[in-house]
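start.cif, holding mmCIF, C-alpha atoms:
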data_input
loop_
_atom_site.label_atom_id
_atom_site.label_comp_id
_atom_site.auth_asym_id
_atom_site.auth_seq_id
_atom_site.Cartn_x
_atom_site.Cartn_y
_atom_site.Cartn_z
CA MET O 1343 -16.48 -7.26 13.86
CA PRO O 1344 -17.86 -7.22 10.33
CA GLU O 1345 -16.87 -4.25 8.30
CA THR O 1346 -17.71 -3.42 4.75
CA ALA O 1347 -14.62 -3.80 2.59
CA ALA O 1348 -14.18 -0.66 0.58
CA ALA O 1349 -11.38 0.20 -1.77
CA PRO O 1350 -10.28 3.83 -1.54
CA ALA O 1351 -12.11 6.03 -4.00
CA ALA O 1352 -10.55 5.94 -7.44
CA PRO O 1353 -10.14 9.09 -9.52
CA ASP O 1354 -13.07 9.73 -11.85
CA PHE O 1355 -11.92 8.37 -15.22
CA ASP O 1356 -14.49 10.38 -17.18
CA ALA O 1357 -13.23 13.65 -15.72
CA LEU O 1358 -9.66 13.09 -16.97
CA ALA O 1359 -8.15 14.70 -20.05
CA VAL O 1360 -4.82 14.13 -21.76
CA GLY O 1361 -2.35 16.68 -20.40
CA ASP O 1362 -3.89 16.94 -16.92
CA ILE O 1363 -1.31 17.04 -14.15
CA VAL O 1364 -2.57 14.50 -11.61
CA ALA O 1365 0.25 14.60 -9.08
CA GLU O 1366 3.44 16.43 -8.17
CA ARG O 1367 5.92 15.72 -5.40
CA ALA O 1368 9.45 16.65 -4.39
CA PHE O 1369 11.79 14.16 -2.74
CA HIS O 1370 14.90 14.97 -0.74
CA LEU O 1371 17.45 12.14 -0.91
CA THR O 1372 20.36 11.82 1.48
CA ARG O 1373 23.08 9.20 1.83
CA ASP O 1374 20.85 7.67 4.52
CA SER O 1375 18.14 7.17 1.89
CA LEU O 1376 20.60 5.18 -0.24
CA VAL O 1377 21.72 2.96 2.63
CA ARG O 1378 18.09 2.34 3.55
CA TYR O 1379 17.24 1.39 -0.05
CA ALA O 1380 20.32 -0.84 -0.32
CA GLY O 1381 19.17 -2.81 2.72
CA ALA O 1382 15.55 -2.98 1.66
CA SER O 1383 16.28 -4.04 -1.91
CA GLY O 1384 19.41 -6.13 -1.45
CA ASP O 1385 21.38 -4.04 -3.96
CA PHE O 1386 24.67 -3.46 -2.18
CA ASN O 1387 26.67 -2.12 -5.10
CA PRO O 1388 29.20 0.17 -3.31
CA ILE O 1389 28.88 2.95 -5.91
CA HIS O 1390 25.70 3.80 -3.99
CA TYR O 1391 27.42 4.46 -0.65
CA ARG O 1392 31.21 4.72 -1.06
CA ASP O 1393 32.82 7.84 -2.53
CA ASP O 1394 36.16 6.09 -3.11
CA VAL O 1395 34.56 3.28 -5.14
CA ALA O 1396 32.42 5.72 -7.13
CA ALA O 1397 35.50 7.80 -7.96
CA SER O 1398 37.55 4.72 -8.90
CA VAL O 1399 35.06 3.83 -11.67
CA GLY O 1400 34.96 7.40 -12.96
CA LEU O 1401 31.64 8.53 -11.50
CA PRO O 1402 31.08 12.15 -10.45
CA GLY O 1403 30.05 10.95 -6.97
CA VAL O 1404 27.89 8.44 -5.11
CA LEU O 1405 24.76 7.79 -7.14
CA ALA O 1406 21.22 6.97 -6.11
CA HIS O 1407 20.17 3.47 -7.23
CA GLY O 1408 18.25 3.82 -10.49
CA MET O 1409 15.68 1.51 -8.95
CA LEU O 1410 15.30 3.87 -5.99
CA THR O 1411 14.52 6.75 -8.36
CA MET O 1412 12.10 4.50 -10.24
CA GLY O 1413 10.53 3.31 -6.98
CA LEU O 1414 9.91 6.75 -5.53
CA ALA O 1415 8.83 8.38 -8.80
CA VAL O 1416 5.69 6.24 -8.97
CA GLN O 1417 4.59 7.08 -5.41
CA PRO O 1418 2.66 10.28 -6.26
CA VAL O 1419 0.75 8.21 -8.84
CA VAL O 1420 0.00 5.49 -6.27
CA ASP O 1421 -1.45 8.10 -3.92
CA TRP O 1422 -3.48 9.69 -6.71
CA ALA O 1423 -4.78 6.26 -7.80
CA GLY O 1424 -5.78 5.51 -4.19
CA ASP O 1425 -4.61 1.88 -4.18
CA PRO O 1426 -1.15 0.59 -5.26
CA ALA O 1427 -2.92 -2.43 -6.79
CA ARG O 1428 -4.27 -0.16 -9.55
CA VAL O 1429 -0.77 0.17 -11.06
CA ALA O 1430 -0.70 -2.54 -13.76
CA ASP O 1431 2.44 -1.62 -15.66
CA TYR O 1432 5.39 0.65 -15.02
CA GLN O 1433 8.43 1.26 -17.17
CA VAL O 1434 11.36 3.67 -17.24
CA ARG O 1435 14.61 4.28 -19.05
CA PHE O 1436 17.56 5.41 -16.97
CA THR O 1437 19.02 8.41 -18.80
CA ARG O 1438 21.01 10.44 -16.24
CA PRO O 1439 22.40 9.61 -12.80
CA VAL O 1440 21.30 11.30 -9.58
CA VAL O 1441 24.45 12.29 -7.67
CA VAL O 1442 23.81 12.44 -3.93
CA ASP O 1443 26.09 14.90 -2.14
CA PRO O 1444 27.17 13.68 1.35
CA GLU O 1445 26.04 16.92 2.97
CA ALA O 1446 23.48 18.55 0.69
CA GLY O 1447 21.84 15.35 -0.57
CA ALA O 1448 19.85 15.55 -3.80
CA ASP O 1449 16.44 16.96 -4.65
CA VAL O 1450 14.34 15.03 -7.15
CA SER O 1451 11.03 16.33 -8.42
CA VAL O 1452 8.24 14.34 -10.04
CA THR O 1453 5.39 15.59 -12.20
CA ALA O 1454 2.74 13.08 -13.31
CA LYS O 1455 0.61 13.92 -16.31
CA VAL O 1456 -2.11 12.05 -18.20
CA GLY O 1457 -0.49 10.82 -21.43
CA GLN O 1458 -3.23 8.64 -22.88
CA LEU O 1459 -6.72 7.42 -21.99
CA ASP O 1460 -8.05 3.96 -22.82
CA ALA O 1461 -11.82 4.27 -22.34
CA GLU O 1462 -12.55 0.59 -22.99
CA ALA O 1463 -10.19 -0.66 -20.26
CA ARG O 1464 -10.72 2.48 -18.15
CA ALA O 1465 -6.95 2.70 -18.01
CA VAL O 1466 -4.79 5.80 -17.86
CA ARG O 1467 -1.24 6.08 -19.11
CA VAL O 1468 0.42 8.49 -16.73
CA ASP O 1469 3.68 10.00 -17.98
CA LEU O 1470 6.27 11.01 -15.40
CA THR O 1471 8.75 13.84 -15.64
CA VAL O 1472 11.47 13.16 -13.10
CA SER O 1473 14.07 15.89 -12.70
CA PHE O 1474 17.28 16.49 -10.81
CA GLU O 1475 19.27 19.74 -11.10
CA GLY O 1476 17.01 20.94 -13.89
CA ALA O 1477 17.39 17.92 -16.20
CA THR O 1478 15.29 14.78 -16.54
CA VAL O 1479 16.81 11.57 -15.19
CA LEU O 1480 14.26 9.06 -16.47
CA GLY O 1481 13.06 8.68 -20.05
CA LYS O 1482 9.84 7.08 -21.27
CA ALA O 1483 8.63 6.85 -17.68
CA GLN O 1484 5.10 5.54 -18.06
CA VAL O 1485 2.65 4.10 -15.56
CA ARG O 1486 -0.48 2.26 -16.61
CA VAL O 1487 -3.20 2.75 -14.00
CA VAL O 1488 -6.42 0.77 -14.30
CA LEU O 1489 -9.40 2.55 -12.72
CA ALA O 1490 -12.00 -0.07 -13.70
CA MET K 1020 29.22 -10.93 -24.22
CA ASN K 1021 28.28 -14.35 -25.50
CA PRO K 1022 25.59 -13.96 -28.22
CA GLU K 1023 24.50 -17.57 -27.62
CA LEU K 1024 22.85 -16.40 -24.40
CA GLN K 1025 19.89 -15.20 -26.44
CA GLY K 1026 16.90 -17.43 -25.82
CA ARG K 1027 18.45 -19.20 -22.84
CA GLU K 1028 16.03 -20.08 -20.03
CA PHE K 1029 17.33 -20.52 -16.50
CA ALA K 1030 16.13 -22.79 -13.70
CA PRO K 1031 13.38 -21.30 -11.51
CA THR K 1032 14.67 -19.60 -8.36
CA ALA K 1033 13.94 -21.03 -4.91
CA PRO K 1034 10.56 -19.83 -3.59
CA TYR K 1035 10.70 -16.35 -2.02
CA LEU K 1036 8.28 -15.76 0.85
CA VAL K 1037 7.14 -12.14 0.89
CA GLY K 1038 7.30 -11.01 4.52
CA ARG K 1039 5.06 -8.25 5.84
CA GLU K 1040 7.94 -6.41 7.50
CA LYS K 1041 10.00 -6.71 4.29
CA VAL K 1042 7.19 -5.04 2.36
CA ARG K 1043 7.04 -2.26 4.97
CA GLU K 1044 10.82 -1.84 4.90
CA PHE K 1045 10.81 -1.59 1.10
CA ALA K 1046 7.80 0.73 1.11
CA ARG K 1047 9.54 3.13 3.49
CA ALA K 1048 12.74 2.98 1.42
CA VAL K 1049 10.87 4.17 -1.70
CA PHE K 1050 9.03 6.91 0.23
CA ALA K 1051 5.64 5.17 -0.04
CA THR K 1052 2.94 6.92 1.95
CA ASN K 1053 -0.15 4.97 0.88
CA PRO K 1054 -1.61 3.15 3.92
CA ILE K 1055 -2.34 0.04 1.79
CA ASN K 1056 1.45 -0.45 1.56
CA LEU K 1057 1.90 -0.20 5.32
CA ASP K 1058 -1.25 -0.86 7.31
CA VAL K 1059 -2.90 -4.29 7.38
CA ASP K 1060 -6.34 -2.93 8.30
CA ALA K 1061 -6.25 -0.41 5.45
CA ALA K 1062 -5.17 -3.14 3.01
CA ARG K 1063 -7.92 -5.52 4.18
CA ALA K 1064 -10.53 -2.77 4.03
CA ALA K 1065 -9.55 -2.33 0.37
CA GLY K 1066 -10.10 -6.04 -0.26
CA HIS K 1067 -6.49 -7.29 -0.13
CA ALA K 1068 -5.36 -10.33 1.87
CA ASP K 1069 -2.51 -8.35 3.47
CA ILE K 1070 -0.43 -5.25 2.80
CA VAL K 1071 0.33 -4.65 -0.88
CA ALA K 1072 3.92 -4.26 -2.05
CA PRO K 1073 4.94 -1.10 -3.96
CA PRO K 1074 4.96 -1.40 -7.79
CA THR K 1075 8.75 -1.93 -7.95
CA PHE K 1076 9.00 -4.53 -5.16
CA ALA K 1077 9.38 -7.36 -7.70
CA VAL K 1078 12.98 -6.19 -8.17
CA VAL K 1079 13.82 -7.96 -4.89
CA VAL K 1080 12.83 -11.30 -6.45
CA GLN K 1081 14.18 -10.41 -9.88
CA GLU K 1082 17.58 -9.70 -8.30
CA HIS K 1083 18.00 -13.45 -7.71
CA THR K 1084 17.56 -14.17 -11.42
CA LEU K 1085 20.01 -11.46 -12.46
CA ALA K 1086 22.53 -13.03 -10.09
CA GLN K 1087 22.05 -16.30 -12.01
CA LEU K 1088 22.75 -14.50 -15.28
CA LEU K 1089 25.90 -12.77 -14.04
CA ALA K 1090 27.18 -16.04 -12.55
CA GLU K 1091 26.64 -18.00 -15.78
CA PRO K 1092 30.15 -19.26 -16.63
CA ASP K 1093 29.92 -18.65 -20.39
CA ALA K 1094 28.02 -15.32 -20.20
CA GLY K 1095 31.13 -13.15 -20.32
CA ILE K 1096 29.47 -10.30 -18.41
CA ASP K 1097 31.83 -8.11 -16.40
CA PHE K 1098 29.65 -6.85 -13.53
CA SER K 1099 31.79 -3.73 -12.98
CA ARG K 1100 30.89 -2.59 -16.51
CA VAL K 1101 27.14 -3.19 -16.23
CA VAL K 1102 24.78 -0.19 -16.34
CA HIS K 1103 21.02 -0.47 -15.91
CA GLY K 1104 19.46 0.70 -19.17
CA ASP K 1105 15.77 0.29 -18.63
CA GLN K 1106 13.25 -1.52 -16.47
CA ARG K 1107 9.65 -2.58 -16.73
CA PHE K 1108 7.13 -4.39 -14.52
CA THR K 1109 3.96 -5.80 -16.07
CA SER K 1110 1.55 -7.15 -13.47
CA THR K 1111 -1.39 -9.50 -13.52
CA ARG K 1112 -2.01 -8.78 -9.84
CA PRO K 1113 -0.12 -6.94 -7.10
CA ILE K 1114 2.34 -8.70 -4.78
CA VAL K 1115 0.87 -9.08 -1.29
CA ALA K 1116 2.60 -10.06 1.98
CA GLY K 1117 2.36 -13.84 2.36
CA ASP K 1118 2.93 -14.58 -1.32
CA GLU K 1119 5.43 -17.27 -2.19
CA LEU K 1120 7.08 -16.24 -5.44
CA THR K 1121 9.27 -18.06 -7.94
CA ALA K 1122 11.09 -16.34 -10.80
CA THR K 1123 12.18 -17.84 -14.10
CA LEU K 1124 14.64 -15.90 -16.22
CA THR K 1125 14.86 -15.92 -19.99
CA VAL K 1126 17.39 -13.90 -21.95
CA SER K 1127 15.17 -12.41 -24.62
CA SER K 1128 17.82 -10.56 -26.58
CA VAL K 1129 21.52 -9.88 -26.86
CA LYS K 1130 22.65 -7.02 -29.06
CA THR K 1131 26.00 -5.45 -29.77
CA LEU K 1132 26.25 -1.75 -30.56
CA GLY K 1133 29.83 -0.83 -31.30
CA ALA K 1134 31.88 -1.58 -28.18
CA HIS K 1135 28.77 -1.96 -26.02
CA SER K 1136 26.47 -4.92 -25.53
CA MET K 1137 22.87 -4.88 -24.45
CA VAL K 1138 21.15 -7.82 -22.84
CA THR K 1139 17.44 -7.94 -22.16
CA ALA K 1140 16.47 -10.27 -19.33
CA GLU K 1141 12.87 -11.21 -18.68
CA SER K 1142 11.93 -12.68 -15.30
CA VAL K 1143 8.49 -14.23 -15.07
CA ILE K 1144 7.33 -14.28 -11.46
CA THR K 1145 4.60 -16.71 -10.42
CA ASP K 1146 2.90 -17.55 -7.13
CA ALA K 1147 2.69 -20.83 -5.20
CA GLU K 1148 -0.18 -21.99 -7.45
CA GLY K 1149 1.91 -21.28 -10.54
CA ALA K 1150 -0.25 -18.31 -11.57
CA HIS K 1151 1.42 -15.30 -13.15
CA VAL K 1152 1.95 -12.31 -10.84
CA VAL K 1153 4.38 -9.99 -12.61
CA THR K 1154 7.01 -10.01 -15.33
CA ALA K 1155 10.11 -7.93 -14.68
CA ILE K 1156 12.12 -6.93 -17.73
CA SER K 1157 15.57 -5.36 -17.48
CA THR K 1158 17.90 -4.18 -20.16
CA LEU K 1159 21.49 -4.14 -18.99
CA VAL K 1160 24.16 -2.29 -20.93
CA VAL K 1161 27.64 -3.74 -20.70
CA ARG K 1162 30.17 -1.04 -21.59
CA GLY K 1163 33.00 -2.14 -23.81
CA ASP K 1164 36.61 -0.95 -23.73
CA ASP K 1165 36.72 2.79 -24.36
#

Rendering of file as structure tokens:
Amino acid sequence: MPETAAAPAAPDFDALAVGDIVAERAFHLTRDSLVRYAGASGDFNPIHYRDDVAASVGLPGVLAHGMLTMGLAVQPVVDWAGDPARVADYQVRFTRPVVVDPEAGADVSVTAKVGQLDAEARAVRVDLTVSFEGATVLGKAQVRVVLA
Amino acid sequence: MNPELQGREFAPTAPYLVGREKVREFARAVFATNPINLDVDAARAAGHADIVAPPTFAVVVQEHTLAQLLAEPDAGIDFSRVVHGDQRFTSTRPIVAGDELTATLTVSSVKTLGAHSMVTAESVITDAEGAHVVTAISTLVVRGDD
């Protein structure tokens, strides 16, 4: 059954301006989320699921994997871009841990804003603000999205 | 940490076959909702050979190279003191289910800042044809004695 291949519509590059908020999303993490990420990624460091081990190395509690925070923070940008293949570069600095309470979990919010526009490459640098308990947890979180 | 690690290149890892269900499992774990990460028909309609892995999926392959680094006998890296400092993925093309990937690690820098050391590890990930797919760069901070 022949079907016309069609990539999902990309955002209109020419309509973007530096400072535009292109996506926002809130994520609720639980201990289940950490176990699921451990299995999916192969990172079984026990500080991400055992309170006793976290306490023994002086942590305030069980922490979310930094790579889980990085992995979810880009998702609103992927949905805005339409196709995950349009993400060409993604970098973050891990600045503060996300402590996941066994009962209450942890709420992480992501705001994605246009940081820079490269008209020649039709590429957008999207800057992410990723917050937990009112403070940012990632620094220099930048996604390069190519809309060409 | 051993400063002589700087510039060292490791042997390529054994080929990693990217399974469709592994991509789905990873996509769900990072709260991906884009159908191109999950649904074969949606991915093919967008011109991809199979479902596309999320932007951070390369960490699964990179993990094997970091294990090589930590196991290096003369590295002097105490895993219990390692903190992830920063991470970057620079792609030539996305990872798609069915890819067979090989990663080659190079230690691009080793720095000491007071009691702490910082090692930057660059893993170049290529496909079965040897073409570049993505480079994963991690900076690990090894905390010294307080």

With chain K as the partner and 7 Å as the cut-off, tabulate the residues of chain O that qualify, each row holding the nearest pair of atoms and their distance in Å to one decimal, using all atoms listed in the file, sorted by chain and rising number, as JSON lines.
{"residue": "O:Ala1347", "atom": "CA", "partner": "K:Ala1064", "partner_atom": "CA", "distance": 4.5}
{"residue": "O:Ala1348", "atom": "CA", "partner": "K:Ala1065", "partner_atom": "CA", "distance": 4.9}
{"residue": "O:Ala1349", "atom": "CA", "partner": "K:Ala1065", "partner_atom": "CA", "distance": 3.8}
{"residue": "O:Pro1350", "atom": "CA", "partner": "K:Ala1065", "partner_atom": "CA", "distance": 6.5}
{"residue": "O:Ser1375", "atom": "CA", "partner": "K:Ala1048", "partner_atom": "CA", "distance": 6.9}
{"residue": "O:Arg1378", "atom": "CA", "partner": "K:Ala1048", "partner_atom": "CA", "distance": 5.8}
{"residue": "O:Tyr1379", "atom": "CA", "partner": "K:Ala1048", "partner_atom": "CA", "distance": 5.0}
{"residue": "O:Ala1382", "atom": "CA", "partner": "K:Phe1045", "partner_atom": "CA", "distance": 5.0}
{"residue": "O:Ser1383", "atom": "CA", "partner": "K:Val1079", "partner_atom": "CA", "distance": 5.5}
{"residue": "O:Gly1384", "atom": "CA", "partner": "K:Val1079", "partner_atom": "CA", "distance": 6.8}
{"residue": "O:Leu1410", "atom": "CA", "partner": "K:Val1049", "partner_atom": "CA", "distance": 6.2}
{"residue": "O:Gly1413", "atom": "CA", "partner": "K:Val1049", "partner_atom": "CA", "distance": 5.4}
{"residue": "O:Leu1414", "atom": "CA", "partner": "K:Val1049", "partner_atom": "CA", "distance": 4.7}
{"residue": "O:Gln1417", "atom": "CA", "partner": "K:Ala1051", "partner_atom": "CA", "distance": 5.8}
{"residue": "O:Asp1421", "atom": "CA", "partner": "K:Asn1053", "partner_atom": "CA", "distance": 5.9}
{"residue": "O:Asp1425", "atom": "CA", "partner": "K:Ile1055", "partner_atom": "CA", "distance": 6.6}
{"residue": "O:Pro1426", "atom": "CA", "partner": "K:Pro1073", "partner_atom": "CA", "distance": 6.5}
{"residue": "O:Ala1427", "atom": "CA", "partner": "K:Pro1113", "partner_atom": "CA", "distance": 5.3}
{"residue": "O:Val1429", "atom": "CA", "partner": "K:Pro1074", "partner_atom": "CA", "distance": 6.8}
{"residue": "O:Ala1430", "atom": "CA", "partner": "K:Ser1110", "partner_atom": "CA", "distance": 5.1}
{"residue": "O:Asp1431", "atom": "CA", "partner": "K:Thr1109", "partner_atom": "CA", "distance": 4.5}
{"residue": "O:Tyr1432", "atom": "CA", "partner": "K:Phe1108", "partner_atom": "CA", "distance": 5.4}
{"residue": "O:Gln1433", "atom": "CA", "partner": "K:Arg1107", "partner_atom": "CA", "distance": 4.1}
{"residue": "O:Val1434", "atom": "CA", "partner": "K:Gln1106", "partner_atom": "CA", "distance": 5.6}
{"residue": "O:Arg1435", "atom": "CA", "partner": "K:Asp1105", "partner_atom": "CA", "distance": 4.2}
{"residue": "O:Phe1436", "atom": "CA", "partner": "K:Gly1104", "partner_atom": "CA", "distance": 5.5}

**Request:** For the structure shown, which residues end up in the PyMOL selection byres ((chain O and resi 1474) around 8)? Put them as a VMD selection string, please?
**Result:** chain O and resid 1440 1448 to 1451 1472 to 1473 1475 to 1479

Okay, now the selection with C-alpha atoms, as a PDB file, in the coordinates of the input?
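Written out: again_19.pdb:
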ATOM      1  CA  VAL O1440      21.300  11.300  -9.580  1.00  0.00           C
ATOM      2  CA  ALA O1448      19.850  15.550  -3.800  1.00  0.00           C
ATOM      3  CA  ASP O1449      16.440  16.960  -4.650  1.00  0.00           C
ATOM      4  CA  VAL O1450      14.340  15.030  -7.150  1.00  0.00           C
ATOM      5  CA  SER O1451      11.030  16.330  -8.420  1.00  0.00           C
ATOM      6  CA  VAL O1472      11.470  13.160 -13.100  1.00  0.00           C
ATOM      7  CA  SER O1473      14.070  15.890 -12.700  1.00  0.00           C
ATOM      8  CA  GLU O1475      19.270  19.740 -11.100  1.00  0.00           C
ATOM      9  CA  GLY O1476      17.010  20.940 -13.890  1.00  0.00           C
ATOM     10  CA  ALA O1477      17.390  17.920 -16.200  1.00  0.00           C
ATOM     11  CA  THR O1478      15.290  14.780 -16.540  1.00  0.00           C
ATOM     12  CA  VAL O1479      16.810  11.570 -15.190  1.00  0.00           C
TER      13      VAL O1479
END

**Item:** All residues 9 Å or closer to Arg1392 in chain O, all atoms listed in the file, same chain fewer than 5 positions away omitted, as a PyMOL selection string
**Value:** chain O and resi 1397+1403-1404

**Request:** Carefully work through the PyMOL selection byres ((chain K and resi 1020-1023) around 7) for this structure and note down the residues it includes, as a list in words.
**Result:**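 Applying the expression gives Leu1024, Gln1025, Asp1093, Ala1094, Gly1095, Ile1096, Val1129 and Ser1136 of chain K.
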
**Request:** Tell me which of O:Gly1400, O:Gly1481, O:Gly1424, O:Pro1444 sits closest to Asp1374 in chain O, counting all atoms listed in the file.
**Result:** O:Pro1444

**Request:** Record the distance separating CA of Pro1353 in chain O and CA of Ala1423 in chain O, expressed in Å with one decimal.
**Result:** 6.3 Å

**Request:** For CA of Val1377 in chain O and CA of Val1420 in chain O, quote the distance in Å rounded to one decimal.
**Result:** 23.6 Å

Report as a PDB file with C-alpha atoms, in the coordinates of the input the full result of the PyMOL selection byres ((chain O and resi 1484) around 6) when it is applied to this structure.
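Dumped to expr08.pdb:
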ATOM      1  CA  TYR O1432       5.390   0.650 -15.020  1.00  0.00           C
ATOM      2  CA  GLN O1433       8.430   1.260 -17.170  1.00  0.00           C
ATOM      3  CA  VAL O1468       0.420   8.490 -16.730  1.00  0.00           C
ATOM      4  CA  ASP O1469       3.680  10.000 -17.980  1.00  0.00           C
ATOM      5  CA  LYS O1482       9.840   7.080 -21.270  1.00  0.00           C
ATOM      6  CA  ALA O1483       8.630   6.850 -17.680  1.00  0.00           C
ATOM      7  CA  VAL O1485       2.650   4.100 -15.560  1.00  0.00           C
TER       8      VAL O1485
END

**Message:** Between CA of Ala1406 in chain O and CA of Arg1367 in chain O, what distance in Å does the model show, to one decimal?
**Reply:**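 Pair CA of Ala1406 in chain O / CA of Arg1367 in chain O returns 17.6 Å.
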
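Counting only C-alpha atoms, the residue from O:Asp1393, O:Val1488, O:Val1466, O:Gly1457 that sits nearest to Val1360 in chain O is O:Gly1457.
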
Let me have the centre and edge lengths in Å, one decimal, of the box along x, y and z around every listed atom of range 1155-1159 of chain K with 4 Å of margin on each side, as AutoDock Vina command-line options.
--center_x 15.8 --center_y -6.0 --center_z -17.4 --size_x 19.4 --size_y 11.8 --size_z 13.5
